[in-house]
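**Q** First the structure, which I've put down as structure tokens, then a few questions once you've had a look.
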Amino acid sequence: MLCQFERLVYPRKISGADTGSYMVAMYRPCERVVDSAGRSIEQVKAVGFCLPISQHLRYNMQGKWTRSPKHGIQFEMDSYTEVIIPTREAITAYLCSGQIKGIGPKLAERIYAAFGNDTLEILDKEPDKLLGVPGISKTRYKRICDSYLANRGARDVVAFLSPHGITANRAVKLYKQYGERTLQIVKEHPYQLCEMEGIGFLTADRIAESMGFDKMSTERVDEGLLYTLKDAENRGHLCMEKRAFIKAGLKLLDTPALTEEMAANRAMRLVHDGRLTTYEGCVYRTEVALAEQHLANTIVSRKNAYHPGKSECDGSVFDEKLKRVEASLRVRLAPEQRQAIRMALTSGISVITGGPGTGKTMIQKAILDIYQDEYHGKKICCCAPTGRAARRMEESTGHTAATVHKALGLLAGDGGFHAEPKELDADLVIVDEVSMLDVYLAEHLFDAVKSGAQVVLVGDADQLPSVGPGAVLKEIIASECIPVARLDKVFRQNEGSRIAMNAKLIRHGNMHLEYGSDFVFVESASIPESAQVIQQLYEQETNKYGVDNVALLTPYRQKTETGANALNAVLRDVINPACPFAREVEFGKRCFREGDKVMQVKNHGHISNGDIGYITKIVTSNNETTVYVDFGDGRIAEYDTSELDLLDLGYACTIHKSQGSEYKSVIINLQTAHYIMLTRPLLYTAITRGKERVIIVGERKALCMAIGKVDTEKRGTCLAKRLKKLNS
């Protein structure tokens, strides 16, 4: 059907049409189209993925007519081709239609002037020639190529995969990864799709089934077993016990004819082929096992490479240094704090762990002051896994601090890091919030520490483990190979002292908490009622402390009125209501508005997962929308509409996402409906985000459930065993 685009129905704005979502648009037929009664149709409603939306072109659309009980007759588009007359007017109109990012009317004219009627062939076969056109930088060239690829080469892939539940956005990413071989791979080796983030085994399995793949094929069984471990890694494990691994694999494959013995034989074949590795009765994907072993080797190597000279931290000399530090900090250090400082200054690698109010920050200050005084000219690196944790470290110690990513020169994005870590030019490295380090970031960190340098790891081992796989801090402590200072005595006597005391009680499983002005419980058994109470409390607390100093934490992102998504929508309209002067941009079901508080949800470039910023402006030009976010410290990030999945509203967040942050006031929702998530580490992590005030809204039964339930699923990792073996 030859037709011309008229208007977009869904999404409402053209700027939201490049997100890979489902689309609905109206078209005017350019040839006679009749209905079943023979009447001419003047307007066609088309539905599908990646619908063409340029008003300057005609499209030859392929698909089928369908009847929806709710929406009537629609044309379900499978694919289309542009009908472009090879003239200057037609080609430049296409180039600046808005479908190709980075090309406006003036640049379109320059491109046509350079290539004439061969322009589209150049785009298809020799796009690098665009770099010779004035005004096209490498950055703009990449943007042009990516969007042109998405609008031309990926259409068949989108059309083929959309019935299988794979979004157009994901299909375009597949095309970028595999290029012209994409459809061949999908049809002949569909399980290879499991390699890509966001496409699981079950989706690949559905596609394979539609291709007629045998459920007992070795390729299917092998990929199912490998995906079983990938899925475990997504839940924080590095490995699985052998028998549990086979059982989980059989459950995923769900094939009665496949026996445990058959699956075990295929697993052995994968070990023989180097795709799986076993260690101490556990099974790993080989690259994961290598990462864990390499981390263990590096930790022991760095530990052994440190050779202290004559110690200045013994006897009266050390006591004099501590007296000077105590005088400058105006504190009296406890014996366990003094011992922690001595240990850190005399060890190659050491760990300082303890809850809030136990003096971890004071100890860091003392270590830094003594080290600078003792070793003139030696360099120090202070870092933490998140931007907020690094800034807090800098504020509390007075020493410059950075994220671990920035210190190592790592750029993060889809699929991991885009650069090798640079060596840390530092003789003393202090890392805060180490509980947040996963095995991969820890591996990069220890790789970067130069031989002979000292490393001090500071963190709270009772908090939730890292979002990524592994339990690095807990495993290093459990190995008993590295000196550890455990701080348990609470010294905090100012505002928020009940928070520190209750954190200690919770850590020891004691349900008899202390309540007062800085630790409040608001009873509310009803989730809708809790949502209303939370809104009122949030307004009250932000009026007192400011939006930046208040956090609203909940176990879940979705599901109920007290999930982070629902609360974000409500609170945004309270804190930053819509107004005629504030521009907005839609992304899927979400809407971002100028002035919004937002959170980065993935490491990307120099912006870290969990960083909080504010949308300063939204600019639309040539059908391209750019969102500008100020993350503080001079960090302004730009996002086009295809990158908005990196952002979420930041008024409320899950407890997991709050790790590494501290706020003056924290509001926490706990309901018995959250029972799956209610564990002691989750509750402990939530309340230790508060410095001056914690308010819990919900049910006392839920609070008791959380305190009483130790995290029952220990993470699958053998780092402690590897460290012990290497150290023996």
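Just so we're on the same page: first chain in the structure tokens is A, next is B, and so on; residues restart at 1 for each chain, and ligands are numbered from 1 in the order they show up.
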Per DSSP on the backbone, filter region 496-627 of chain A down to the residues in strand (DSSP E) and report them as a compact mmCIF listing (two decimals) with all heavy atoms, in the first residue's frame.

**A**
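Written out: out10.txt:
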# COMPACT_ATOMS: atom_id res chain seq x y z
N PHE A 519 13.84 8.76 65.70
CA PHE A 519 13.49 7.43 65.19
C PHE A 519 12.01 7.19 65.48
O PHE A 519 11.62 6.96 66.62
CB PHE A 519 14.35 6.34 65.83
CG PHE A 519 14.37 5.05 65.05
CD1 PHE A 519 15.39 4.79 64.15
CD2 PHE A 519 13.36 4.10 65.20
CE1 PHE A 519 15.42 3.61 63.42
CE2 PHE A 519 13.38 2.92 64.46
CZ PHE A 519 14.41 2.68 63.58
N VAL A 520 11.19 7.28 64.44
CA VAL A 520 9.73 7.32 64.61
C VAL A 520 9.09 6.15 63.85
O VAL A 520 9.53 5.81 62.74
CB VAL A 520 9.16 8.65 64.07
CG1 VAL A 520 7.65 8.71 64.24
CG2 VAL A 520 9.84 9.84 64.74
N PHE A 521 8.06 5.57 64.46
CA PHE A 521 7.27 4.54 63.76
C PHE A 521 5.83 5.02 63.64
O PHE A 521 5.21 5.42 64.63
CB PHE A 521 7.30 3.20 64.50
CG PHE A 521 6.68 2.08 63.71
CD1 PHE A 521 7.44 1.30 62.87
CD2 PHE A 521 5.30 1.84 63.76
CE1 PHE A 521 6.87 0.28 62.12
CE2 PHE A 521 4.73 0.83 63.02
CZ PHE A 521 5.51 0.04 62.19
N VAL A 522 5.29 5.00 62.41
CA VAL A 522 3.91 5.41 62.15
C VAL A 522 3.13 4.18 61.70
O VAL A 522 3.40 3.62 60.63
CB VAL A 522 3.83 6.51 61.07
CG1 VAL A 522 2.38 6.89 60.80
CG2 VAL A 522 4.65 7.72 61.47
N GLU A 523 2.20 3.73 62.52
CA GLU A 523 1.43 2.51 62.23
C GLU A 523 0.45 2.76 61.09
O GLU A 523 -0.33 3.71 61.12
CB GLU A 523 0.67 2.06 63.48
CG GLU A 523 -0.07 0.75 63.32
CD GLU A 523 0.84 -0.46 63.32
OE1 GLU A 523 1.80 -0.49 64.11
OE2 GLU A 523 0.58 -1.40 62.52
N VAL A 550 16.28 14.60 51.81
CA VAL A 550 15.23 13.66 52.23
C VAL A 550 15.16 12.50 51.24
O VAL A 550 15.19 12.71 50.03
CB VAL A 550 13.85 14.36 52.32
CG1 VAL A 550 12.77 13.35 52.72
CG2 VAL A 550 13.90 15.51 53.32
N ALA A 551 15.08 11.28 51.76
CA ALA A 551 14.93 10.10 50.90
C ALA A 551 13.68 9.35 51.29
O ALA A 551 13.34 9.25 52.47
CB ALA A 551 16.14 9.18 51.04
N LEU A 552 12.99 8.84 50.27
CA LEU A 552 11.82 7.99 50.50
C LEU A 552 12.17 6.62 49.95
O LEU A 552 12.38 6.46 48.75
CB LEU A 552 10.60 8.58 49.78
CG LEU A 552 9.24 8.15 50.33
CD1 LEU A 552 8.13 9.00 49.73
CD2 LEU A 552 8.94 6.69 50.07
N LEU A 553 12.26 5.63 50.84
CA LEU A 553 12.75 4.30 50.46
C LEU A 553 11.66 3.26 50.61
O LEU A 553 10.89 3.27 51.56
CB LEU A 553 13.95 3.91 51.33
CG LEU A 553 15.10 4.93 51.42
CD1 LEU A 553 16.21 4.38 52.30
CD2 LEU A 553 15.61 5.28 50.03
N THR A 554 11.63 2.34 49.65
CA THR A 554 10.63 1.27 49.65
C THR A 554 11.26 -0.01 49.10
O THR A 554 12.17 0.07 48.26
CB THR A 554 9.40 1.69 48.81
OG1 THR A 554 8.46 0.61 48.76
CG2 THR A 554 9.81 2.07 47.40
N GLU A 584 8.32 19.21 28.68
CA GLU A 584 8.28 17.80 29.07
C GLU A 584 8.68 16.93 27.89
O GLU A 584 8.62 17.36 26.74
CB GLU A 584 6.87 17.40 29.54
CG GLU A 584 6.37 18.16 30.76
CD GLU A 584 4.96 17.73 31.16
OE1 GLU A 584 4.34 16.96 30.38
OE2 GLU A 584 4.50 18.14 32.23
N VAL A 585 9.08 15.70 28.20
CA VAL A 585 9.34 14.71 27.16
C VAL A 585 8.84 13.36 27.67
O VAL A 585 9.02 13.03 28.85
CB VAL A 585 10.85 14.63 26.79
CG1 VAL A 585 11.70 14.25 27.99
CG2 VAL A 585 11.08 13.64 25.65
N GLU A 586 8.16 12.61 26.81
CA GLU A 586 7.63 11.30 27.20
C GLU A 586 8.61 10.21 26.81
O GLU A 586 9.28 10.28 25.78
CB GLU A 586 6.29 11.05 26.52
CG GLU A 586 5.17 11.95 27.03
CD GLU A 586 3.84 11.61 26.39
OE1 GLU A 586 3.85 10.84 25.41
OE2 GLU A 586 2.82 12.13 26.86
N PHE A 587 8.69 9.20 27.67
CA PHE A 587 9.50 8.01 27.39
C PHE A 587 8.73 6.80 27.88
O PHE A 587 8.64 6.56 29.08
CB PHE A 587 10.86 8.10 28.08
CG PHE A 587 11.71 6.88 27.85
CD1 PHE A 587 12.33 6.69 26.63
CD2 PHE A 587 11.88 5.93 28.84
CE1 PHE A 587 13.11 5.56 26.41
CE2 PHE A 587 12.65 4.80 28.62
CZ PHE A 587 13.27 4.62 27.40
N ARG A 590 6.55 6.89 31.07
CA ARG A 590 7.06 7.94 31.95
C ARG A 590 7.12 9.29 31.26
O ARG A 590 7.16 9.36 30.04
CB ARG A 590 8.46 7.56 32.46
CG ARG A 590 8.44 6.53 33.57
CD ARG A 590 9.85 6.19 34.00
NE ARG A 590 10.52 5.37 33.01
CZ ARG A 590 11.81 5.06 33.05
NH1 ARG A 590 12.57 5.55 34.01
NH2 ARG A 590 12.36 4.30 32.14
N CYS A 591 7.13 10.31 32.08
CA CYS A 591 7.23 11.68 31.57
C CYS A 591 8.27 12.41 32.39
O CYS A 591 8.25 12.36 33.63
CB CYS A 591 5.87 12.37 31.68
SG CYS A 591 5.93 14.14 31.29
N PHE A 592 9.23 13.05 31.72
CA PHE A 592 10.25 13.84 32.39
C PHE A 592 9.97 15.32 32.15
O PHE A 592 9.60 15.71 31.05
CB PHE A 592 11.64 13.48 31.89
CG PHE A 592 12.07 12.09 32.26
CD1 PHE A 592 12.03 11.07 31.33
CD2 PHE A 592 12.51 11.80 33.54
CE1 PHE A 592 12.41 9.78 31.65
CE2 PHE A 592 12.89 10.52 33.89
CZ PHE A 592 12.84 9.50 32.94
N ARG A 593 10.17 16.12 33.18
CA ARG A 593 9.79 17.53 33.14
C ARG A 593 10.99 18.38 33.60
O ARG A 593 11.77 17.97 34.45
CB ARG A 593 8.60 17.74 34.07
CG ARG A 593 8.04 19.15 34.14
CD ARG A 593 6.85 19.16 35.11
NE ARG A 593 5.78 18.27 34.65
CZ ARG A 593 4.91 17.68 35.46
NH1 ARG A 593 4.97 17.86 36.77
NH2 ARG A 593 3.97 16.89 34.96
N LYS A 597 13.74 16.09 39.74
CA LYS A 597 14.85 15.40 40.38
C LYS A 597 14.92 14.00 39.77
O LYS A 597 13.91 13.29 39.74
CB LYS A 597 14.60 15.31 41.89
CG LYS A 597 15.69 14.59 42.69
CD LYS A 597 15.31 14.55 44.17
CE LYS A 597 16.36 13.83 44.99
NZ LYS A 597 15.99 13.76 46.43
N VAL A 598 16.09 13.61 39.26
CA VAL A 598 16.21 12.31 38.57
C VAL A 598 17.40 11.54 39.11
O VAL A 598 18.33 12.10 39.69
CB VAL A 598 16.34 12.49 37.04
CG1 VAL A 598 15.07 13.03 36.44
CG2 VAL A 598 17.53 13.38 36.68
N MET A 599 17.35 10.23 38.90
CA MET A 599 18.44 9.34 39.32
C MET A 599 18.96 8.58 38.11
O MET A 599 18.19 8.09 37.29
CB MET A 599 17.94 8.34 40.37
CG MET A 599 18.99 7.28 40.74
SD MET A 599 18.33 6.01 41.87
CE MET A 599 18.37 6.91 43.42
N GLN A 600 20.28 8.50 37.99
CA GLN A 600 20.91 7.65 36.97
C GLN A 600 20.78 6.21 37.43
O GLN A 600 21.10 5.88 38.58
CB GLN A 600 22.38 8.02 36.81
CG GLN A 600 23.11 7.23 35.74
CD GLN A 600 23.04 7.88 34.38
OE1 GLN A 600 22.46 8.94 34.23
NE2 GLN A 600 23.64 7.25 33.39
N ILE A 612 22.34 11.43 41.63
CA ILE A 612 21.12 12.24 41.62
C ILE A 612 21.41 13.59 40.95
O ILE A 612 22.44 14.22 41.21
CB ILE A 612 20.61 12.50 43.05
CG1 ILE A 612 20.26 11.17 43.74
CG2 ILE A 612 19.41 13.43 43.04
CD1 ILE A 612 19.02 10.50 43.21
N GLY A 613 20.49 14.01 40.07
CA GLY A 613 20.64 15.30 39.41
C GLY A 613 19.29 15.94 39.17
O GLY A 613 18.25 15.39 39.56
N TYR A 614 19.31 17.10 38.49
CA TYR A 614 18.07 17.81 38.18
C TYR A 614 18.06 18.16 36.69
O TYR A 614 19.08 18.56 36.12
CB TYR A 614 17.97 19.10 39.00
CG TYR A 614 17.66 18.84 40.46
CD1 TYR A 614 18.69 18.61 41.37
CD2 TYR A 614 16.34 18.79 40.92
CE1 TYR A 614 18.41 18.34 42.70
CE2 TYR A 614 16.06 18.53 42.24
CZ TYR A 614 17.10 18.31 43.14
OH TYR A 614 16.81 18.04 44.45
N ILE A 615 16.88 17.98 36.07
CA ILE A 615 16.73 18.34 34.66
C ILE A 615 16.69 19.87 34.57
O ILE A 615 15.77 20.51 35.09
CB ILE A 615 15.46 17.73 34.06
CG1 ILE A 615 15.55 16.20 34.07
CG2 ILE A 615 15.23 18.23 32.63
CD1 ILE A 615 14.29 15.49 33.58
N THR A 616 17.69 20.45 33.92
CA THR A 616 17.77 21.91 33.81
C THR A 616 17.03 22.44 32.60
O THR A 616 16.46 23.52 32.65
CB THR A 616 19.23 22.36 33.76
OG1 THR A 616 19.89 21.69 32.66
CG2 THR A 616 19.95 22.02 35.06
N LYS A 617 17.05 21.66 31.50
CA LYS A 617 16.30 22.11 30.31
C LYS A 617 16.06 20.94 29.38
O LYS A 617 16.79 19.94 29.39
CB LYS A 617 17.03 23.23 29.57
CG LYS A 617 18.43 22.87 29.08
CD LYS A 617 19.08 24.07 28.38
CE LYS A 617 20.51 23.75 27.95
NZ LYS A 617 21.15 24.88 27.24
N ILE A 618 15.00 21.06 28.58
CA ILE A 618 14.65 20.09 27.55
C ILE A 618 14.53 20.88 26.25
O ILE A 618 13.74 21.81 26.16
CB ILE A 618 13.33 19.36 27.87
CG1 ILE A 618 13.46 18.56 29.18
CG2 ILE A 618 12.92 18.44 26.72
CD1 ILE A 618 12.17 17.95 29.67
N VAL A 619 15.34 20.51 25.26
CA VAL A 619 15.41 21.27 24.01
C VAL A 619 15.03 20.36 22.85
O VAL A 619 15.56 19.25 22.72
CB VAL A 619 16.83 21.84 23.78
CG1 VAL A 619 16.89 22.58 22.44
CG2 VAL A 619 17.22 22.76 24.93
N THR A 620 14.11 20.82 22.00
CA THR A 620 13.72 20.07 20.80
C THR A 620 14.10 20.90 19.58
O THR A 620 13.72 22.07 19.47
CB THR A 620 12.22 19.77 20.79
OG1 THR A 620 11.89 18.99 21.94
CG2 THR A 620 11.84 18.99 19.54
N SER A 621 14.86 20.28 18.67
CA SER A 621 15.28 20.95 17.44
C SER A 621 15.34 19.92 16.33
O SER A 621 15.91 18.84 16.50
CB SER A 621 16.66 21.60 17.64
OG SER A 621 17.11 22.20 16.44
N GLU A 624 14.48 16.47 17.11
CA GLU A 624 15.38 15.81 18.05
C GLU A 624 15.24 16.47 19.41
O GLU A 624 15.31 17.70 19.51
CB GLU A 624 16.83 15.98 17.59
CG GLU A 624 17.41 14.73 16.99
CD GLU A 624 18.87 14.94 16.65
OE1 GLU A 624 19.71 14.83 17.57
OE2 GLU A 624 19.16 15.21 15.49
N THR A 625 15.04 15.65 20.44
CA THR A 625 14.90 16.19 21.79
C THR A 625 16.11 15.81 22.63
O THR A 625 16.53 14.65 22.64
CB THR A 625 13.62 15.66 22.46
OG1 THR A 625 12.49 16.10 21.70
CG2 THR A 625 13.49 16.19 23.89
N THR A 626 16.67 16.80 23.33
CA THR A 626 17.81 16.58 24.21
C THR A 626 17.44 17.03 25.62
O THR A 626 16.88 18.10 25.81
CB THR A 626 19.04 17.37 23.74
OG1 THR A 626 19.33 17.01 22.38
CG2 THR A 626 20.25 17.04 24.60
N VAL A 627 17.72 16.15 26.58
CA VAL A 627 17.45 16.44 27.99
C VAL A 627 18.78 16.71 28.68
O VAL A 627 19.71 15.89 28.60
CB VAL A 627 16.72 15.26 28.67
CG1 VAL A 627 16.50 15.53 30.15
CG2 VAL A 627 15.39 14.98 27.98

**Q** Write out as a count of residues only the residues lying within 12 Å of Tyr538 (chain A), counting only C-alpha atoms and excluding same-chain residues fewer than 6 positions away.

**A** 31

**Q** Return the single residue from A:Ala525, A:Leu464, A:Ala448, A:Ile477 that is closest to Ile687 (chain A), with distances computed using only C-alpha atoms.

**A**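 Nearest candidate to Ile687 (chain A) out of A:Ala525, A:Leu464, A:Ala448, A:Ile477: A:Leu464.
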
**Q** Give me every helix (DSSP H, G or I) residue in region 374-445 of chain A, going by DSSP on the backbone, as a PyMOL selection string.

**A** chain A and resi 374+387-397+404-408+434-436+439-445

**Q** One decimal, in Å: what's the spacing between CA of Leu345 (chain A) and CA of Ile299 (chain A)?

**A** 17.4 Å
